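As stored in coords-v4.cif (mmCIF, C-alpha atoms):
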data_data
#
loop_
_atom_site.label_atom_id
_atom_site.label_comp_id
_atom_site.auth_asym_id
_atom_site.auth_seq_id
_atom_site.Cartn_x
_atom_site.Cartn_y
_atom_site.Cartn_z
CA MET A 9 151.93 -154.75 -176.40
CA THR A 10 152.56 -151.40 -174.78
CA THR A 11 155.30 -151.13 -172.17
CA LYS A 12 154.22 -147.63 -171.14
CA PRO A 13 153.40 -147.56 -167.42
CA ARG A 14 149.63 -147.55 -166.65
CA ARG A 15 148.15 -144.48 -165.08
CA GLY A 16 145.74 -144.60 -162.10
CA ARG A 17 145.39 -147.42 -159.59
CA PRO A 18 147.92 -150.22 -160.03
CA LEU A 19 146.40 -153.40 -161.49
CA LYS A 20 145.79 -156.02 -158.83
CA ASN A 21 147.54 -159.29 -159.42
CA ALA A 22 145.62 -162.27 -160.76
CA GLN A 23 145.28 -163.99 -157.36
CA GLU A 24 143.91 -160.87 -155.68
CA ASN A 25 141.59 -160.44 -158.65
CA ARG A 26 140.19 -163.95 -158.24
CA ASP A 27 139.81 -163.45 -154.49
CA THR A 28 137.82 -160.25 -154.94
CA LYS A 29 135.63 -161.91 -157.55
CA ALA A 30 134.95 -164.81 -155.17
CA GLU A 31 134.17 -162.37 -152.37
CA LEU A 32 131.72 -160.51 -154.60
CA ILE A 33 129.97 -163.79 -155.39
CA ARG A 34 129.86 -164.69 -151.69
CA SER A 35 128.43 -161.29 -150.81
CA GLY A 36 125.95 -161.58 -153.69
CA LEU A 37 124.85 -164.98 -152.40
CA GLU A 38 124.05 -163.52 -148.99
CA GLN A 39 122.20 -160.58 -150.48
CA LEU A 40 120.21 -162.60 -153.03
CA THR A 41 119.20 -165.44 -150.72
CA GLU A 42 117.75 -162.79 -148.42
CA ASN A 43 116.27 -160.35 -150.89
CA GLY A 44 116.14 -161.77 -154.40
CA PHE A 45 117.57 -160.02 -157.41
CA ALA A 46 115.12 -157.42 -158.72
CA SER A 47 115.12 -155.29 -155.60
CA SER A 48 118.77 -155.97 -154.63
CA GLY A 49 121.04 -153.13 -155.59
CA ILE A 50 124.66 -153.86 -156.39
CA ASP A 51 125.66 -151.22 -153.83
CA PRO A 52 125.26 -153.21 -150.59
CA ILE A 53 127.07 -156.17 -152.19
CA LEU A 54 130.04 -153.98 -153.17
CA LYS A 55 129.98 -152.25 -149.80
CA ARG A 56 130.36 -155.50 -147.87
CA VAL A 57 133.36 -156.45 -150.00
CA GLY A 58 134.79 -152.92 -150.03
CA VAL A 59 134.88 -152.66 -153.81
CA PRO A 60 134.19 -149.20 -155.25
CA LYS A 61 131.17 -149.10 -157.56
CA GLY A 62 133.24 -148.15 -160.58
CA SER A 63 135.35 -151.30 -160.20
CA PHE A 64 132.42 -153.74 -160.42
CA TYR A 65 132.69 -154.04 -164.19
CA HIS A 66 136.33 -154.95 -163.80
CA TYR A 67 135.11 -158.25 -162.32
CA PHE A 68 131.82 -158.86 -164.15
CA PRO A 69 130.66 -157.56 -167.54
CA SER A 70 127.11 -156.90 -166.25
CA LYS A 71 124.70 -157.34 -163.33
CA GLU A 72 123.23 -160.22 -165.37
CA ALA A 73 126.59 -162.00 -165.63
CA PHE A 74 127.11 -161.45 -161.91
CA GLY A 75 123.68 -162.92 -161.15
CA LEU A 76 124.46 -165.98 -163.27
CA ALA A 77 127.81 -166.44 -161.48
CA VAL A 78 126.02 -166.28 -158.11
CA ILE A 79 123.46 -168.87 -159.27
CA GLU A 80 126.25 -171.16 -160.49
CA SER A 81 128.07 -170.84 -157.19
CA TYR A 82 124.91 -171.60 -155.20
CA ALA A 83 124.00 -174.52 -157.45
CA ASN A 84 127.45 -176.07 -156.95
CA TYR A 85 127.32 -175.58 -153.21
CA PHE A 86 123.83 -177.08 -153.00
CA ALA A 87 124.60 -180.02 -155.30
CA ASN A 88 127.54 -180.89 -153.05
CA LYS A 89 125.34 -180.67 -149.99
CA LEU A 90 122.75 -182.97 -151.59
CA ASP A 91 125.46 -185.46 -152.61
CA THR A 92 126.82 -185.51 -149.06
CA TYR A 93 123.47 -186.77 -147.79
CA LEU A 94 121.93 -188.59 -150.74
CA LEU A 95 124.99 -190.64 -151.69
CA ASP A 96 125.64 -191.78 -148.12
CA VAL A 97 125.66 -195.53 -148.75
CA ASN A 98 125.68 -196.35 -145.03
CA THR A 99 122.19 -194.88 -144.57
CA PRO A 100 118.82 -196.14 -145.90
CA PRO A 101 117.69 -193.94 -148.83
CA LEU A 102 114.63 -192.34 -147.22
CA ILE A 103 116.68 -191.51 -144.12
CA ARG A 104 119.26 -189.85 -146.39
CA ILE A 105 116.53 -187.46 -147.59
CA LYS A 106 115.50 -186.86 -143.99
CA ASN A 107 119.10 -186.08 -143.03
CA PHE A 108 119.32 -183.53 -145.83
CA ALA A 109 116.04 -181.95 -144.65
CA ASN A 110 117.32 -181.74 -141.07
CA ASN A 111 120.50 -180.05 -142.23
CA ALA A 112 118.51 -177.51 -144.26
CA LYS A 113 116.23 -176.81 -141.29
CA THR A 114 119.24 -176.12 -139.08
CA GLY A 115 120.52 -173.66 -141.68
CA LEU A 116 117.22 -171.79 -141.85
CA GLU A 117 117.09 -171.49 -138.06
CA ARG A 118 120.73 -170.41 -137.81
CA HIS A 119 119.99 -167.46 -140.12
CA HIS A 120 116.80 -166.64 -138.20
CA PHE A 121 114.69 -167.51 -141.28
CA LYS A 122 116.16 -164.53 -143.13
CA ARG A 123 117.84 -166.61 -145.82
CA GLY A 124 115.79 -168.80 -148.08
CA CYS A 125 116.57 -170.74 -151.20
CA LEU A 126 118.27 -168.64 -153.86
CA ILE A 127 116.72 -170.68 -156.67
CA GLY A 128 113.24 -170.45 -155.12
CA ASN A 129 113.63 -166.70 -154.58
CA LEU A 130 114.75 -166.07 -158.15
CA GLY A 131 112.15 -168.47 -159.55
CA GLN A 132 109.46 -166.42 -157.86
CA GLU A 133 110.61 -163.19 -159.50
CA VAL A 134 111.72 -164.71 -162.80
CA ASP A 135 109.46 -162.48 -164.90
CA LEU A 136 111.42 -159.46 -163.67
CA LEU A 137 114.82 -161.01 -164.40
CA PRO A 138 116.89 -161.23 -167.59
CA GLU A 139 115.35 -164.02 -169.72
CA SER A 140 118.70 -165.89 -169.60
CA PHE A 141 117.98 -166.74 -165.93
CA ARG A 142 114.88 -168.85 -166.66
CA PRO A 143 116.52 -171.89 -168.33
CA VAL A 144 119.38 -171.78 -165.82
CA LEU A 145 116.97 -171.88 -162.86
CA ILE A 146 114.90 -174.66 -164.46
CA ASN A 147 118.09 -176.64 -165.00
CA VAL A 148 119.18 -176.27 -161.36
CA PHE A 149 115.81 -177.65 -160.22
CA MET A 150 116.26 -180.54 -162.69
CA GLU A 151 119.65 -181.37 -161.21
CA TRP A 152 118.21 -181.43 -157.69
CA GLN A 153 115.24 -183.44 -158.91
CA ASN A 154 117.50 -186.03 -160.54
CA ARG A 155 119.43 -186.46 -157.30
CA ILE A 156 116.26 -187.03 -155.25
CA ALA A 157 114.87 -189.31 -158.00
CA ASP A 158 118.04 -191.45 -157.88
CA CYS A 159 117.71 -191.76 -154.12
CA LEU A 160 114.02 -192.71 -154.45
CA GLU A 161 114.99 -195.34 -157.05
CA ILE A 162 117.26 -196.95 -154.48
CA ALA A 163 114.37 -196.92 -151.99
CA LYS A 164 112.20 -198.55 -154.65
CA ALA A 165 114.85 -201.21 -155.34
CA ASN A 166 114.95 -201.83 -151.56
CA HIS A 167 111.14 -202.22 -151.55
CA ASP A 168 110.78 -199.17 -149.28
CA LEU A 169 108.57 -197.70 -152.03
CA SER A 170 105.83 -199.23 -154.17
CA GLN A 171 107.15 -200.74 -157.42
CA SER A 172 104.71 -198.54 -159.36
CA THR A 173 106.33 -195.30 -158.07
CA ASP A 174 107.29 -192.79 -160.75
CA CYS A 175 110.41 -191.53 -158.95
CA LYS A 176 111.02 -188.60 -161.32
CA LYS A 177 107.50 -187.24 -160.85
CA LEU A 178 107.67 -187.79 -157.12
CA ALA A 179 111.03 -186.01 -156.96
CA GLU A 180 109.53 -183.03 -158.80
CA CYS A 181 106.71 -183.00 -156.21
CA PHE A 182 109.28 -183.08 -153.45
CA TRP A 183 110.98 -179.89 -154.67
CA ILE A 184 107.73 -178.12 -155.50
CA GLY A 185 106.52 -178.64 -151.95
CA TRP A 186 109.95 -177.97 -150.48
CA GLU A 187 110.14 -174.50 -152.01
CA GLY A 188 106.64 -173.73 -150.76
CA ALA A 189 107.62 -174.92 -147.30
CA VAL A 190 110.82 -172.84 -147.17
CA SER A 191 108.81 -169.79 -148.19
CA ARG A 192 106.15 -170.41 -145.50
CA THR A 193 108.78 -171.12 -142.87
CA ARG A 194 110.36 -167.75 -143.57
CA LEU A 195 106.97 -166.02 -143.44
CA VAL A 196 106.01 -167.44 -140.03
CA LYS A 197 109.62 -167.51 -138.76
CA SER A 198 109.19 -171.04 -137.47
CA ILE A 199 110.38 -174.43 -138.67
CA ALA A 200 106.89 -175.91 -138.10
CA PRO A 201 105.65 -175.64 -141.74
CA LEU A 202 108.79 -177.36 -143.05
CA ASP A 203 108.39 -180.10 -140.43
CA ASN A 204 104.72 -180.52 -141.32
CA TYR A 205 105.50 -180.63 -145.03
CA PHE A 206 108.37 -183.10 -144.72
CA ASP A 207 106.61 -185.43 -142.28
CA ASN A 208 103.61 -185.52 -144.60
CA PHE A 209 105.83 -186.19 -147.63
CA ILE A 210 107.40 -189.21 -145.93
CA ALA A 211 104.12 -190.47 -144.44
CA SER A 212 102.30 -190.26 -147.77
CA LEU A 213 104.93 -192.02 -149.89
CA PRO A 214 103.48 -194.92 -151.90
CA ARG A 215 104.54 -198.08 -150.06
CA MET B 173 84.50 -124.86 -140.64
CA THR B 174 85.54 -122.49 -143.41
CA THR B 175 83.02 -121.56 -146.08
CA LYS B 176 85.67 -119.92 -148.26
CA PRO B 177 85.67 -121.52 -151.74
CA ARG B 178 88.54 -124.07 -152.32
CA ARG B 179 91.24 -123.16 -154.77
CA GLY B 180 92.66 -125.57 -157.37
CA ARG B 181 90.98 -128.63 -158.87
CA PRO B 182 87.35 -129.10 -157.78
CA LEU B 183 86.89 -131.92 -155.27
CA LYS B 184 85.59 -135.06 -156.92
CA ASN B 185 82.31 -136.25 -155.54
CA ALA B 186 82.24 -139.17 -153.12
CA GLN B 187 81.16 -141.74 -155.74
CA GLU B 188 83.91 -140.75 -158.17
CA ASN B 189 86.36 -140.87 -155.28
CA ARG B 190 85.35 -144.43 -154.39
CA ASP B 191 85.54 -145.48 -158.04
CA THR B 192 89.08 -144.15 -158.44
CA LYS B 193 90.13 -145.83 -155.21
CA ALA B 194 88.68 -149.14 -156.44
CA GLU B 195 90.44 -148.70 -159.78
CA LEU B 196 93.75 -148.07 -158.03
CA ILE B 197 93.27 -151.26 -156.01
CA ARG B 198 92.41 -153.18 -159.19
CA SER B 199 95.47 -151.82 -160.97
CA GLY B 200 97.60 -152.59 -157.90
CA LEU B 201 96.31 -156.16 -157.89
CA GLU B 202 97.43 -156.67 -161.48
CA GLN B 203 100.82 -155.13 -160.82
CA LEU B 204 101.48 -156.97 -157.55
CA THR B 205 100.33 -160.42 -158.70
CA GLU B 206 102.81 -160.07 -161.55
CA ASN B 207 105.72 -158.36 -159.85
CA GLY B 208 105.36 -158.36 -156.08
CA PHE B 209 105.60 -155.25 -153.97
CA ALA B 210 109.24 -154.37 -153.32
CA SER B 211 110.15 -153.80 -156.94
CA SER B 212 106.75 -152.44 -158.04
CA GLY B 213 106.75 -148.69 -158.29
CA ILE B 214 103.52 -146.82 -157.70
CA ASP B 215 104.01 -145.10 -161.07
CA PRO B 216 102.76 -147.84 -163.45
CA ILE B 217 99.75 -148.42 -161.17
CA LEU B 218 98.81 -144.73 -161.29
CA LYS B 219 99.48 -144.58 -165.00
CA ARG B 220 97.04 -147.37 -165.81
CA VAL B 221 94.33 -145.60 -163.84
CA GLY B 222 95.29 -142.14 -165.11
CA VAL B 223 95.81 -140.68 -161.65
CA PRO B 224 98.58 -138.06 -161.34
CA LYS B 225 101.28 -139.05 -158.87
CA GLY B 226 100.54 -136.13 -156.57
CA SER B 227 96.95 -137.33 -156.13
CA PHE B 228 97.86 -140.79 -154.83
CA TYR B 229 97.90 -139.64 -151.21
CA HIS B 230 94.41 -138.26 -151.68
CA TYR B 231 93.26 -141.90 -151.88
CA PHE B 232 95.73 -143.71 -149.59
CA PRO B 233 97.79 -142.36 -146.71
CA SER B 234 100.87 -144.39 -147.74
CA LYS B 235 102.19 -147.10 -150.06
CA GLU B 236 101.89 -149.43 -147.06
CA ALA B 237 98.17 -148.65 -146.61
CA PHE B 238 97.68 -149.14 -150.34
CA GLY B 239 99.43 -152.52 -150.20
CA LEU B 240 97.23 -153.62 -147.31
CA ALA B 241 94.10 -152.54 -149.21
CA VAL B 242 95.25 -154.57 -152.23
CA ILE B 243 95.86 -157.63 -150.02
CA GLU B 244 92.42 -157.25 -148.45
CA SER B 245 90.79 -157.00 -151.84
CA TYR B 246 92.64 -160.08 -153.14
CA ALA B 247 91.87 -162.05 -149.96
CA ASN B 248 88.15 -161.29 -150.32
CA TYR B 249 88.13 -162.22 -153.98
CA PHE B 250 89.98 -165.47 -153.31
CA ALA B 251 87.86 -166.43 -150.28
CA ASN B 252 84.76 -166.04 -152.44
CA LYS B 253 86.31 -168.17 -155.15
CA LEU B 254 87.15 -170.88 -152.61
CA ASP B 255 83.65 -170.76 -151.15
CA THR B 256 82.14 -171.14 -154.61
CA TYR B 257 83.89 -174.47 -155.03
CA LEU B 258 84.37 -175.79 -151.49
CA LEU B 259 80.82 -175.14 -150.28
CA ASP B 260 79.21 -176.74 -153.34
CA VAL B 261 77.02 -179.29 -151.53
CA ASN B 262 76.11 -181.07 -154.77
CA THR B 263 79.72 -182.22 -155.30
CA PRO B 264 81.77 -184.74 -153.27
CA PRO B 265 84.31 -182.84 -151.11
CA LEU B 266 87.53 -184.03 -152.80
CA ILE B 267 86.04 -183.20 -156.21
CA ARG B 268 85.25 -179.69 -154.90
CA ILE B 269 88.97 -179.19 -154.23
CA LYS B 270 89.74 -180.55 -157.70
CA ASN B 271 87.25 -178.12 -159.25
CA PHE B 272 88.92 -175.22 -157.46
CA ALA B 273 92.32 -176.40 -158.72
CA ASN B 274 91.03 -176.63 -162.29
CA ASN B 275 89.64 -173.11 -162.10
CA ALA B 276 92.98 -171.79 -160.80
CA LYS B 277 94.87 -173.59 -163.56
CA THR B 278 92.63 -172.00 -166.19
CA GLY B 279 93.38 -168.59 -164.67
CA LEU B 280 97.14 -169.14 -164.76
CA GLU B 281 96.99 -170.21 -168.40
CA ARG B 282 94.73 -167.32 -169.39
CA HIS B 283 97.32 -164.86 -168.09
CA HIS B 284 100.14 -166.78 -169.79
CA PHE B 285 101.64 -167.69 -166.40
CA LYS B 286 102.45 -164.02 -165.78
CA ARG B 287 100.17 -163.68 -162.78
CA GLY B 288 100.74 -165.79 -159.71
CA CYS B 289 99.32 -165.73 -156.24
CA LEU B 290 99.52 -162.31 -154.61
CA ILE B 291 99.85 -163.82 -151.14
CA GLY B 292 102.57 -166.23 -152.28
CA ASN B 293 104.44 -163.42 -154.04
CA LEU B 294 104.33 -161.14 -151.02
CA GLY B 295 105.11 -164.00 -148.63
CA GLN B 296 108.29 -164.64 -150.59
CA GLU B 297 109.48 -161.05 -150.22
CA VAL B 298 108.05 -160.44 -146.74
CA ASP B 299 111.42 -159.47 -145.25
CA LEU B 300 111.52 -156.48 -147.60
CA LEU B 301 107.97 -155.35 -146.78
CA PRO B 302 106.57 -153.26 -143.95
CA GLU B 303 106.36 -155.53 -140.87
CA SER B 304 102.58 -154.94 -140.75
CA PHE B 305 102.23 -157.18 -143.84
CA ARG B 306 103.52 -160.35 -142.14
CA PRO B 307 100.57 -161.06 -139.77
CA VAL B 308 98.10 -160.09 -142.48
CA LEU B 309 99.62 -162.57 -144.97
CA ILE B 310 99.78 -165.31 -142.33
CA ASN B 311 96.13 -164.69 -141.54
CA VAL B 312 95.08 -164.95 -145.19
CA PHE B 313 96.80 -168.34 -145.43
CA MET B 314 95.01 -169.40 -142.24
CA GLU B 315 91.65 -168.46 -143.74
CA TRP B 316 92.37 -170.51 -146.87
CA GLN B 317 93.66 -173.36 -144.74
CA ASN B 318 90.49 -173.39 -142.61
CA ARG B 319 88.36 -173.59 -145.74
CA ILE B 320 90.30 -176.57 -147.13
CA ALA B 321 90.35 -178.18 -143.66
CA ASP B 322 86.54 -177.88 -143.42
CA CYS B 323 86.19 -179.54 -146.82
CA LEU B 324 88.59 -182.33 -145.79
CA GLU B 325 86.55 -182.84 -142.61
CA ILE B 326 83.49 -183.49 -144.76
CA ALA B 327 85.53 -186.00 -146.80
CA LYS B 328 86.57 -187.63 -143.52
CA ALA B 329 82.96 -187.79 -142.31
CA ASN B 330 82.08 -189.40 -145.67
CA HIS B 331 84.88 -191.97 -145.14
CA ASP B 332 86.73 -190.67 -148.21
CA LEU B 333 89.67 -190.03 -145.85
CA SER B 334 91.15 -192.10 -143.04
CA GLN B 335 89.58 -191.37 -139.65
CA SER B 336 93.04 -190.58 -138.26
CA THR B 337 93.57 -187.67 -140.70
CA ASP B 338 94.60 -184.37 -139.11
CA CYS B 339 92.67 -182.17 -141.55
CA LYS B 340 94.19 -178.89 -140.35
CA LYS B 341 97.75 -180.15 -140.83
CA LEU B 342 96.87 -181.66 -144.18
CA ALA B 343 95.25 -178.39 -145.27
CA GLU B 344 98.43 -176.51 -144.34
CA CYS B 345 100.40 -179.00 -146.46
CA PHE B 346 98.00 -178.42 -149.33
CA TRP B 347 98.69 -174.66 -149.39
CA ILE B 348 102.41 -175.05 -148.83
CA GLY B 349 102.66 -177.28 -151.88
CA TRP B 350 100.18 -175.22 -153.84
CA GLU B 351 102.27 -172.07 -153.54
CA GLY B 352 105.37 -174.00 -154.58
CA ALA B 353 103.49 -175.41 -157.56
CA VAL B 354 102.19 -172.01 -158.70
CA SER B 355 105.72 -170.65 -158.51
CA ARG B 356 107.15 -173.56 -160.54
CA THR B 357 104.33 -173.37 -163.08
CA ARG B 358 105.19 -169.71 -163.69
CA LEU B 359 108.88 -170.53 -163.98
CA VAL B 360 108.43 -173.24 -166.62
CA LYS B 361 105.37 -171.53 -168.20
CA SER B 362 103.48 -174.80 -168.22
CA ILE B 363 100.64 -176.20 -166.13
CA ALA B 364 102.47 -179.55 -165.81
CA PRO B 365 104.02 -178.93 -162.34
CA LEU B 366 100.64 -177.88 -160.90
CA ASP B 367 99.04 -180.99 -162.42
CA ASN B 368 101.79 -183.19 -161.04
CA TYR B 369 101.52 -181.61 -157.60
CA PHE B 370 97.74 -181.80 -157.43
CA ASP B 371 97.47 -185.36 -158.76
CA ASN B 372 100.06 -186.47 -156.22
CA PHE B 373 98.23 -184.64 -153.42
CA ILE B 374 94.98 -186.47 -154.20
CA ALA B 375 96.68 -189.84 -154.83
CA SER B 376 98.63 -189.70 -151.56
CA LEU B 377 95.71 -188.74 -149.30
CA PRO B 378 95.35 -191.09 -146.31
CA ARG B 379 92.40 -193.37 -147.13
#
Final structure tokens representation of the file:
Amino acid sequence: MTTKPRRGRPLKNAQENRDTKAELIRSGLEQLTENGFASSGIDPILKRVGVPKGSFYHYFPSKEAFGLAVIESYANYFANKLDTYLLDVNTPPLIRIKNFANNAKTGLERHHFKRGCLIGNLGQEVDLLPESFRPVLINVFMEWQNRIADCLEIAKANHDLSQSTDCKKLAECFWIGWEGAVSRTRLVKSIAPLDNYFDNFIASLPR
Amino acid sequence: MTTKPRRGRPLKNAQENRDTKAELIRSGLEQLTENGFASSGIDPILKRVGVPKGSFYHYFPSKEAFGLAVIESYANYFANKLDTYLLDVNTPPLIRIKNFANNAKTGLERHHFKRGCLIGNLGQEVDLLPESFRPVLINVFMEWQNRIADCLEIAKANHDLSQSTDCKKLAECFWIGWEGAVSRTRLVKSIAPLDNYFDNFIASLPR
């Protein structure tokens, strides 16, 4: 190990390093939920955090690795949000899903329909992205699907759903329609399509 | 009016001009159904048609005008496709919708899930597009929705649907879910999500 003093900017300490990395991910989340990946430059993300362009590769080996870190961060955040609502044992299972939907609607409105679903955005442009993104995005949808399926299974056990319900398939349908509804809600800048979609989903459940 | 002879390349005749314009729109359709607008350069579109970059503005005043022409062309093509299936008086109305879905599925497979729905793609990235695109995209969805709603009304008149069905709302739900299903089908490169979505749509109709 060399003991010779480094030239140039002093190395940040490990804590500061982690903080900057977390801030870059947070800034990337904002940028990518609004604009997707293919047309998002790194520049506005760095600018918000105040990191010079040349330093980016100090934190992430590539734009691809950065994108994957942003997806992981979003997936964790969203899985926690889903668990908050879907594992709420004091609430009937179908109402848990409704409570999640209401929370998501509030979020869309708060950001004036500018921010959508990161996974939906990236899924839409997946053919333009590094091929490593595809299985990661599919897996995030699977994790969400499993959570909704588990909640539907409880509804089925409670006889709120028909005993012939295929909860996994129905949960896939839920997310397919959900992503379409978030996209339409952003297009028309109104919560009405998401309301219409969700009300129809609940009303048309097999009883 | 000047009678002085033009310098430079001879003006193409009107027919050739129209043909090149149509070819540019066709090439734009391919490019934009695969990649969307924001990250699509004009260059690959011109290259496919063999039009030099400097000549683009001979055919279209701007990239925005070109995008709108591509949307119009796609909307016309798709409206005709819908009419082919949904106005087929020899087929029960819900089967007409199924026939349209089967045709669309064949198209997605034929293009190896590379090409999606132009309107869905552009809707997803609408915040990055010229603001003039938003009402145009909303209007295209409305035209599709009206066509499905009319077909559902026939099903209702035939007592294939409950008399309390709000066909306009249900038609909006159809397209919301459809766009989500096309997006997921492209992500997983399999027709399974579109099949799951469509089967569930038909099975859960109010009878």
Practice problem: Output the contact residues of chain A with respect to chain B at a cut-off of 6 Å, based on all atoms listed in the file, as a list in words. | Solution: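 The contacting residues on chain A are Ser47, Gly131, Gln132, Cys181, Ile184, Gly185, Glu187, Gly188, Ala189, Ser191, Leu195, Tyr205 and Ser212 of chain A.
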Exercise. Go ahead and compute the interatomic distance for atom CA of Arg215 of chain A and atom CA of Ala163 of chain A, in Å to one decimal.
Key: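 Interatomic distance here is 10.1 Å.
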Quiz item: Residues around (94.0, -180.1, -159.4), cut-off 6 Å, counting all atoms listed in the file - what are they as a PyMOL selection string?
Solution: chain B and resi 270+273-274+367+370
Exercise. Measure the distance from atom CA of Asp322 of chain B to atom CA of Lys340 of chain B in Å and round it to one decimal.
Key: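 One can read the atom CA of Asp322 of chain B to atom CA of Lys340 of chain B distance as 8.3 Å.
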Quiz item: For the atom pair atom CA of Ile214 of chain B and atom CA of Phe305 of chain B, what is the interatomic distance in Å to one decimal place?
Solution: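 Those two atoms sit 17.4 Å apart.
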